[in-house]
file structure.pdb (PDB, C-alpha atoms)
MODEL        1
ATOM      1  CA  MET A  26     155.581  37.137   5.692  1.00  0.00           C
ATOM      2  CA  LYS A  27     154.890  39.981   3.311  1.00  0.00           C
ATOM      3  CA  PHE A  28     157.590  42.463   2.239  1.00  0.00           C
ATOM      4  CA  SER A  29     156.921  46.044   1.294  1.00  0.00           C
ATOM      5  CA  GLY A  30     158.457  47.525  -1.858  1.00  0.00           C
ATOM      6  CA  PHE A  31     161.266  49.127   0.161  1.00  0.00           C
ATOM      7  CA  SER A  32     161.986  45.902   2.071  1.00  0.00           C
ATOM      8  CA  SER A  33     162.143  43.902  -1.162  1.00  0.00           C
ATOM      9  CA  LEU A  34     164.535  46.427  -2.671  1.00  0.00           C
ATOM     10  CA  LEU A  35     166.717  46.404   0.445  1.00  0.00           C
ATOM     11  CA  LEU A  36     166.778  42.605   0.478  1.00  0.00           C
ATOM     12  CA  ALA A  37     167.748  42.522  -3.214  1.00  0.00           C
ATOM     13  CA  VAL A  38     170.594  44.999  -2.631  1.00  0.00           C
ATOM     14  CA  ILE A  39     171.904  43.033   0.352  1.00  0.00           C
ATOM     15  CA  LEU A  40     171.763  39.737  -1.558  1.00  0.00           C
ATOM     16  CA  GLY A  41     173.464  41.363  -4.546  1.00  0.00           C
ATOM     17  CA  CYS A  42     176.281  42.665  -2.334  1.00  0.00           C
ATOM     18  CA  LEU A  43     176.737  39.263  -0.698  1.00  0.00           C
ATOM     19  CA  VAL A  44     176.949  37.506  -4.073  1.00  0.00           C
ATOM     20  CA  TRP A  45     179.453  40.110  -5.284  1.00  0.00           C
ATOM     21  CA  LEU A  46     181.605  39.670  -2.163  1.00  0.00           C
ATOM     22  CA  ILE A  47     181.729  35.872  -2.114  1.00  0.00           C
ATOM     23  CA  THR A  48     181.935  35.168  -5.863  1.00  0.00           C
ATOM     24  CA  PRO A  49     185.490  34.391  -7.023  1.00  0.00           C
ATOM     25  CA  ASN A  50     187.081  36.678  -9.568  1.00  0.00           C
ATOM     26  CA  ALA A  51     186.100  35.832 -13.111  1.00  0.00           C
ATOM     27  CA  LEU A  52     188.833  34.815 -15.508  1.00  0.00           C
ATOM     28  CA  ALA A  53     189.275  37.953 -17.536  1.00  0.00           C
ATOM     29  CA  SER A  54     191.307  38.156 -20.682  1.00  0.00           C
ATOM     30  CA  THR A  55     194.649  39.980 -20.324  1.00  0.00           C
ATOM     31  CA  PRO A  56     195.877  41.948 -23.357  1.00  0.00           C
ATOM     32  CA  ILE A  57     199.502  41.407 -24.375  1.00  0.00           C
ATOM     33  CA  ARG A  58     201.381  43.816 -26.640  1.00  0.00           C
ATOM     34  CA  LEU A  59     203.484  42.095 -29.313  1.00  0.00           C
ATOM     35  CA  PHE A  60     206.252  44.017 -31.073  1.00  0.00           C
ATOM     36  CA  ASP A  61     209.510  43.599 -33.034  1.00  0.00           C
ATOM     37  CA  ILE A  62     207.711  40.945 -35.090  1.00  0.00           C
ATOM     38  CA  SER A  63     209.748  39.084 -37.729  1.00  0.00           C
ATOM     39  CA  TYR A  64     209.864  35.650 -39.333  1.00  0.00           C
ATOM     40  CA  GLN A  65     212.378  33.151 -40.641  1.00  0.00           C
ATOM     41  CA  ASP A  66     212.278  29.786 -42.420  1.00  0.00           C
ATOM     42  CA  CYS A  67     211.854  26.707 -40.239  1.00  0.00           C
ATOM     43  CA  THR A  68     214.864  24.445 -39.910  1.00  0.00           C
ATOM     44  CA  GLY A  69     215.317  20.782 -38.986  1.00  0.00           C
ATOM     45  CA  ASP A  70     212.403  18.728 -37.719  1.00  0.00           C
ATOM     46  CA  VAL A  71     210.294  21.855 -37.181  1.00  0.00           C
ATOM     47  CA  ALA A  72     210.033  22.239 -40.972  1.00  0.00           C
ATOM     48  CA  GLU A  73     208.177  18.910 -41.396  1.00  0.00           C
ATOM     49  CA  GLY A  74     204.420  18.977 -41.944  1.00  0.00           C
ATOM     50  CA  ASN A  75     201.694  19.942 -44.365  1.00  0.00           C
ATOM     51  CA  VAL A  76     198.360  21.696 -44.644  1.00  0.00           C
ATOM     52  CA  SER A  77     195.346  19.474 -45.177  1.00  0.00           C
ATOM     53  CA  SER A  78     192.000  20.487 -46.559  1.00  0.00           C
ATOM     54  CA  GLY A  79     189.232  18.014 -47.232  1.00  0.00           C
ATOM     55  CA  GLY A  80     191.563  15.061 -46.630  1.00  0.00           C
ATOM     56  CA  GLY A  81     194.185  16.123 -49.198  1.00  0.00           C
ATOM     57  CA  SER A  82     197.666  17.443 -48.577  1.00  0.00           C
ATOM     58  CA  LEU A  83     199.115  20.604 -50.032  1.00  0.00           C
ATOM     59  CA  PRO A  84     202.773  21.595 -50.125  1.00  0.00           C
ATOM     60  CA  VAL A  85     203.589  24.281 -47.572  1.00  0.00           C
ATOM     61  CA  ASN A  86     206.408  26.503 -46.448  1.00  0.00           C
ATOM     62  CA  CYS A  87     207.120  26.549 -42.741  1.00  0.00           C
ATOM     63  CA  PHE A  88     208.050  29.775 -40.929  1.00  0.00           C
ATOM     64  CA  ILE A  89     208.779  30.765 -37.346  1.00  0.00           C
ATOM     65  CA  VAL A  90     207.206  34.091 -36.362  1.00  0.00           C
ATOM     66  CA  SER A  91     209.022  35.636 -33.419  1.00  0.00           C
ATOM     67  CA  GLY A  92     209.135  38.860 -31.460  1.00  0.00           C
ATOM     68  CA  LYS A  93     208.693  40.410 -28.039  1.00  0.00           C
ATOM     69  CA  ALA A  94     205.644  40.076 -25.772  1.00  0.00           C
ATOM     70  CA  GLU A  95     204.915  42.723 -23.132  1.00  0.00           C
ATOM     71  CA  ASN A  96     202.822  41.555 -20.173  1.00  0.00           C
ATOM     72  CA  LYS A  97     201.937  44.549 -17.974  1.00  0.00           C
ATOM     73  CA  SER A  98     199.589  42.601 -15.679  1.00  0.00           C
ATOM     74  CA  GLY A  99     202.214  41.691 -13.085  1.00  0.00           C
ATOM     75  CA  LYS A 100     201.009  38.065 -13.212  1.00  0.00           C
ATOM     76  CA  MET A 101     201.908  35.052 -15.350  1.00  0.00           C
ATOM     77  CA  VAL A 102     199.617  34.878 -18.388  1.00  0.00           C
ATOM     78  CA  VAL A 103     198.819  31.450 -19.842  1.00  0.00           C
ATOM     79  CA  ASP A 104     197.001  30.140 -22.908  1.00  0.00           C
ATOM     80  CA  ALA A 105     197.532  33.383 -24.836  1.00  0.00           C
ATOM     81  CA  ASP A 106     195.985  33.414 -28.299  1.00  0.00           C
ATOM     82  CA  VAL A 107     198.046  35.276 -30.905  1.00  0.00           C
ATOM     83  CA  PHE A 108     196.169  37.319 -33.488  1.00  0.00           C
ATOM     84  CA  GLY A 109     197.532  39.049 -36.543  1.00  0.00           C
ATOM     85  CA  ARG A 110     197.302  39.584 -40.269  1.00  0.00           C
ATOM     86  CA  ILE A 111     199.749  37.772 -42.551  1.00  0.00           C
ATOM     87  CA  TYR A 112     199.965  38.693 -46.228  1.00  0.00           C
ATOM     88  CA  ASP A 113     202.087  37.300 -49.052  1.00  0.00           C
ATOM     89  CA  ALA A 114     204.281  39.421 -51.365  1.00  0.00           C
ATOM     90  CA  ASN A 115     201.197  40.326 -53.467  1.00  0.00           C
ATOM     91  CA  HIS A 116     199.332  41.446 -50.316  1.00  0.00           C
ATOM     92  CA  ASN A 117     196.981  38.438 -50.478  1.00  0.00           C
ATOM     93  CA  SER A 118     195.893  37.109 -47.112  1.00  0.00           C
ATOM     94  CA  VAL A 119     197.690  33.929 -46.057  1.00  0.00           C
ATOM     95  CA  TYR A 120     194.900  32.993 -43.614  1.00  0.00           C
ATOM     96  CA  GLU A 121     191.704  34.208 -45.251  1.00  0.00           C
ATOM     97  CA  ASN A 122     188.945  35.022 -42.742  1.00  0.00           C
ATOM     98  CA  ARG A 123     191.124  33.994 -39.816  1.00  0.00           C
ATOM     99  CA  GLY A 124     192.821  36.336 -37.353  1.00  0.00           C
ATOM    100  CA  ARG A 125     194.154  33.781 -34.852  1.00  0.00           C
ATOM    101  CA  VAL A 126     197.568  32.557 -35.979  1.00  0.00           C
ATOM    102  CA  GLY A 127     198.779  30.592 -32.943  1.00  0.00           C
ATOM    103  CA  SER A 128     199.194  30.549 -29.195  1.00  0.00           C
ATOM    104  CA  ILE A 129     201.788  31.132 -26.480  1.00  0.00           C
ATOM    105  CA  ALA A 130     201.647  28.747 -23.506  1.00  0.00           C
ATOM    106  CA  GLU A 131     203.092  31.161 -20.890  1.00  0.00           C
ATOM    107  CA  ILE A 132     204.050  34.835 -20.814  1.00  0.00           C
ATOM    108  CA  PRO A 133     205.766  36.035 -17.627  1.00  0.00           C
ATOM    109  CA  PRO A 134     205.365  39.615 -16.360  1.00  0.00           C
ATOM    110  CA  GLY A 135     207.481  42.154 -18.237  1.00  0.00           C
ATOM    111  CA  VAL A 136     208.978  41.763 -21.709  1.00  0.00           C
ATOM    112  CA  SER A 137     209.874  38.316 -23.021  1.00  0.00           C
ATOM    113  CA  ASP A 138     210.619  36.594 -26.326  1.00  0.00           C
ATOM    114  CA  PHE A 139     208.053  34.448 -28.116  1.00  0.00           C
ATOM    115  CA  SER A 140     207.878  32.354 -31.269  1.00  0.00           C
ATOM    116  CA  ILE A 141     205.147  30.447 -33.075  1.00  0.00           C
ATOM    117  CA  ARG A 142     205.261  28.113 -36.071  1.00  0.00           C
ATOM    118  CA  ILE A 143     203.066  28.877 -39.079  1.00  0.00           C
ATOM    119  CA  SER A 144     202.511  26.979 -42.321  1.00  0.00           C
ATOM    120  CA  VAL A 145     201.907  28.939 -45.512  1.00  0.00           C
ATOM    121  CA  PRO A 146     200.767  27.364 -48.799  1.00  0.00           C
ATOM    122  CA  ALA A 147     203.837  26.969 -51.020  1.00  0.00           C
ATOM    123  CA  ASP A 148     202.214  28.837 -53.914  1.00  0.00           C
ATOM    124  CA  GLN A 149     202.036  32.104 -51.918  1.00  0.00           C
ATOM    125  CA  PRO A 150     205.083  34.241 -52.720  1.00  0.00           C
ATOM    126  CA  THR A 151     207.369  35.720 -50.076  1.00  0.00           C
ATOM    127  CA  PRO A 152     208.368  37.988 -48.425  1.00  0.00           C
ATOM    128  CA  LEU A 153     205.509  37.821 -45.967  1.00  0.00           C
ATOM    129  CA  VAL A 154     204.005  40.968 -44.467  1.00  0.00           C
ATOM    130  CA  LEU A 155     203.092  40.700 -40.757  1.00  0.00           C
ATOM    131  CA  GLU A 156     200.620  43.282 -39.402  1.00  0.00           C
ATOM    132  CA  GLN A 157     198.469  44.037 -36.349  1.00  0.00           C
ATOM    133  CA  PHE A 158     199.937  41.353 -34.067  1.00  0.00           C
ATOM    134  CA  LYS A 159     198.605  41.156 -30.515  1.00  0.00           C
ATOM    135  CA  ALA A 160     197.837  38.483 -27.958  1.00  0.00           C
ATOM    136  CA  SER A 161     195.311  37.877 -25.229  1.00  0.00           C
ATOM    137  CA  GLY A 162     195.605  35.344 -22.408  1.00  0.00           C
ATOM    138  CA  PHE A 163     194.493  34.453 -18.909  1.00  0.00           C
ATOM    139  CA  ALA A 164     195.886  34.353 -15.364  1.00  0.00           C
ATOM    140  CA  ALA A 165     194.878  30.677 -15.030  1.00  0.00           C
ATOM    141  CA  LYS A 166     194.426  27.758 -17.411  1.00  0.00           C
ATOM    142  CA  VAL A 167     191.115  27.909 -19.214  1.00  0.00           C
ATOM    143  CA  ARG A 168     191.555  25.229 -21.874  1.00  0.00           C
ATOM    144  CA  PRO A 169     190.275  21.709 -21.181  1.00  0.00           C
ATOM    145  CA  TYR A 170     192.725  19.067 -19.979  1.00  0.00           C
ATOM    146  CA  TYR A 171     192.919  17.397 -23.407  1.00  0.00           C
ATOM    147  CA  TYR A 172     194.903  20.379 -24.731  1.00  0.00           C
ATOM    148  CA  ASP A 173     197.662  19.734 -22.183  1.00  0.00           C
ATOM    149  CA  GLU A 174     200.777  18.136 -23.608  1.00  0.00           C
ATOM    150  CA  ASP A 175     201.923  16.793 -20.224  1.00  0.00           C
TER     151      ASP A 175
ENDMDL
END
call {"tool": "encode", "arguments": {"input": "structure.pdb", "output": "structure tokens"}}
result
Amino acid sequence: MKFSGFSSLLLAVILGCLVWLITPNALASTPIRLFDISYQDCTGDVAEGNVSSGGGSLPVNCFIVSGKAENKSGKMVVDADVFGRIYDANHNSVYENRGRVGSIAEIPPGVSDFSIRISVPADQPTPLVLEQFKASGFAAKVRPYYYDED
């Protein structure tokens, strides 16, 4: 059976529409506004830990970055990556060439509190300067099972 140019075009349009109609929604990233960002020293067991590079350990200071997260999507957002710029008192970058500073497991619709733990090399002077914080997550889990803590 031979199709004319118009028939081929019509068939392609119909197939395209069918694929569009039956394909499940793609997991799209949901932007989350972060505001009222501040930090404080870690306390208790949370303060334990170090930063390793090339197998060696360096002394670090532990901080908890906290603030408010605004989820306007109307749906639970999970696996949200937190991005931001963190500078020391001399305006030197704490995480050179790295914008991702942590993650938030779940963000419900509306405004909610969040906190993430960061480690800063002990030789970087405080106070820290926190800038351009934002997050981006998904409406369903996208990370492989081996990231689950359950």
call {"tool": "closest_residue", "arguments": {"input": "structure.pdb", "among": "A:Asp138, A:Asp104, A:Asp113, A:Asp66", "to": "Gly162 in chain A", "atoms": "all atoms listed in the file"}}
result
A:Asp104
call {"tool": "resolve_selection", "arguments": {"input": "structure.pdb", "expression": "the PyMOL selection byres ((chain A and resi 137) around 12)", "output": "PDB file with C-alpha atoms, in the coordinates of the input"}}
result
ATOM      1  CA  ILE A  57     199.502  41.407 -24.375  1.00  0.00           C
ATOM      2  CA  ARG A  58     201.381  43.816 -26.640  1.00  0.00           C
ATOM      3  CA  LEU A  59     203.484  42.095 -29.313  1.00  0.00           C
ATOM      4  CA  PHE A  60     206.252  44.017 -31.073  1.00  0.00           C
ATOM      5  CA  ASP A  61     209.510  43.599 -33.034  1.00  0.00           C
ATOM      6  CA  SER A  91     209.022  35.636 -33.419  1.00  0.00           C
ATOM      7  CA  GLY A  92     209.135  38.860 -31.460  1.00  0.00           C
ATOM      8  CA  LYS A  93     208.693  40.410 -28.039  1.00  0.00           C
ATOM      9  CA  ALA A  94     205.644  40.076 -25.772  1.00  0.00           C
ATOM     10  CA  GLU A  95     204.915  42.723 -23.132  1.00  0.00           C
ATOM     11  CA  ASN A  96     202.822  41.555 -20.173  1.00  0.00           C
ATOM     12  CA  LYS A  97     201.937  44.549 -17.974  1.00  0.00           C
ATOM     13  CA  MET A 101     201.908  35.052 -15.350  1.00  0.00           C
ATOM     14  CA  VAL A 102     199.617  34.878 -18.388  1.00  0.00           C
ATOM     15  CA  ILE A 129     201.788  31.132 -26.480  1.00  0.00           C
ATOM     16  CA  GLU A 131     203.092  31.161 -20.890  1.00  0.00           C
ATOM     17  CA  ILE A 132     204.050  34.835 -20.814  1.00  0.00           C
ATOM     18  CA  PRO A 133     205.766  36.035 -17.627  1.00  0.00           C
ATOM     19  CA  PRO A 134     205.365  39.615 -16.360  1.00  0.00           C
ATOM     20  CA  GLY A 135     207.481  42.154 -18.237  1.00  0.00           C
ATOM     21  CA  VAL A 136     208.978  41.763 -21.709  1.00  0.00           C
ATOM     22  CA  ASP A 138     210.619  36.594 -26.326  1.00  0.00           C
ATOM     23  CA  PHE A 139     208.053  34.448 -28.116  1.00  0.00           C
ATOM     24  CA  SER A 140     207.878  32.354 -31.269  1.00  0.00           C
TER      25      SER A 140
END
call {"tool": "resolve_selection", "arguments": {"input": "structure.pdb", "expression": "the PyMOL selection byres ((chain A and resi 153) around 10)", "output": "list in words"}}
result
Ser63, Tyr64, Gln65, Phe88, Ile111, Tyr112, Asp113, Ala114, Asn115, His116, Asn117, Ser118, Val119, Val145, Gln149, Pro150, Thr151, Pro152, Val154, Leu155 and Glu156 of chain A
call {"tool": "closest_residue", "arguments": {"input": "structure.pdb", "among": "A:Gly109, A:Cys87, A:Thr68, A:Asp148", "to": "Glu121 in chain A", "atoms": "only C-alpha atoms"}}
result
A:Gly109
call {"tool": "closest_residue", "arguments": {"input": "structure.pdb", "among": "A:Ala37, A:Val103, A:Ser144, A:Thr55", "to": "Val90 in chain A", "atoms": "only C-alpha atoms"}}
result
A:Ser144
call {"tool": "atom_distance", "arguments": {"input": "structure.pdb", "atom1": "CA of Asn86 in chain A", "atom2": "CA of Val126 in chain A"}}
result
15.0 Å
call {"tool": "atom_distance", "arguments": {"input": "structure.pdb", "atom1": "CA of Arg110 in chain A", "atom2": "CA of Leu83 in chain A"}}
result
21.4 Å
call {"tool": "atom_distance", "arguments": {"input": "structure.pdb", "atom1": "CA of Ala165 in chain A", "atom2": "CA of Ile89 in chain A"}}
result
26.3 Å
call {"tool": "closest_residue", "arguments": {"input": "structure.pdb", "among": "A:Ser128, A:Asn122, A:Ile39, A:Arg142", "to": "Cys67 in chain A", "atoms": "only C-alpha atoms"}}
result
A:Arg142
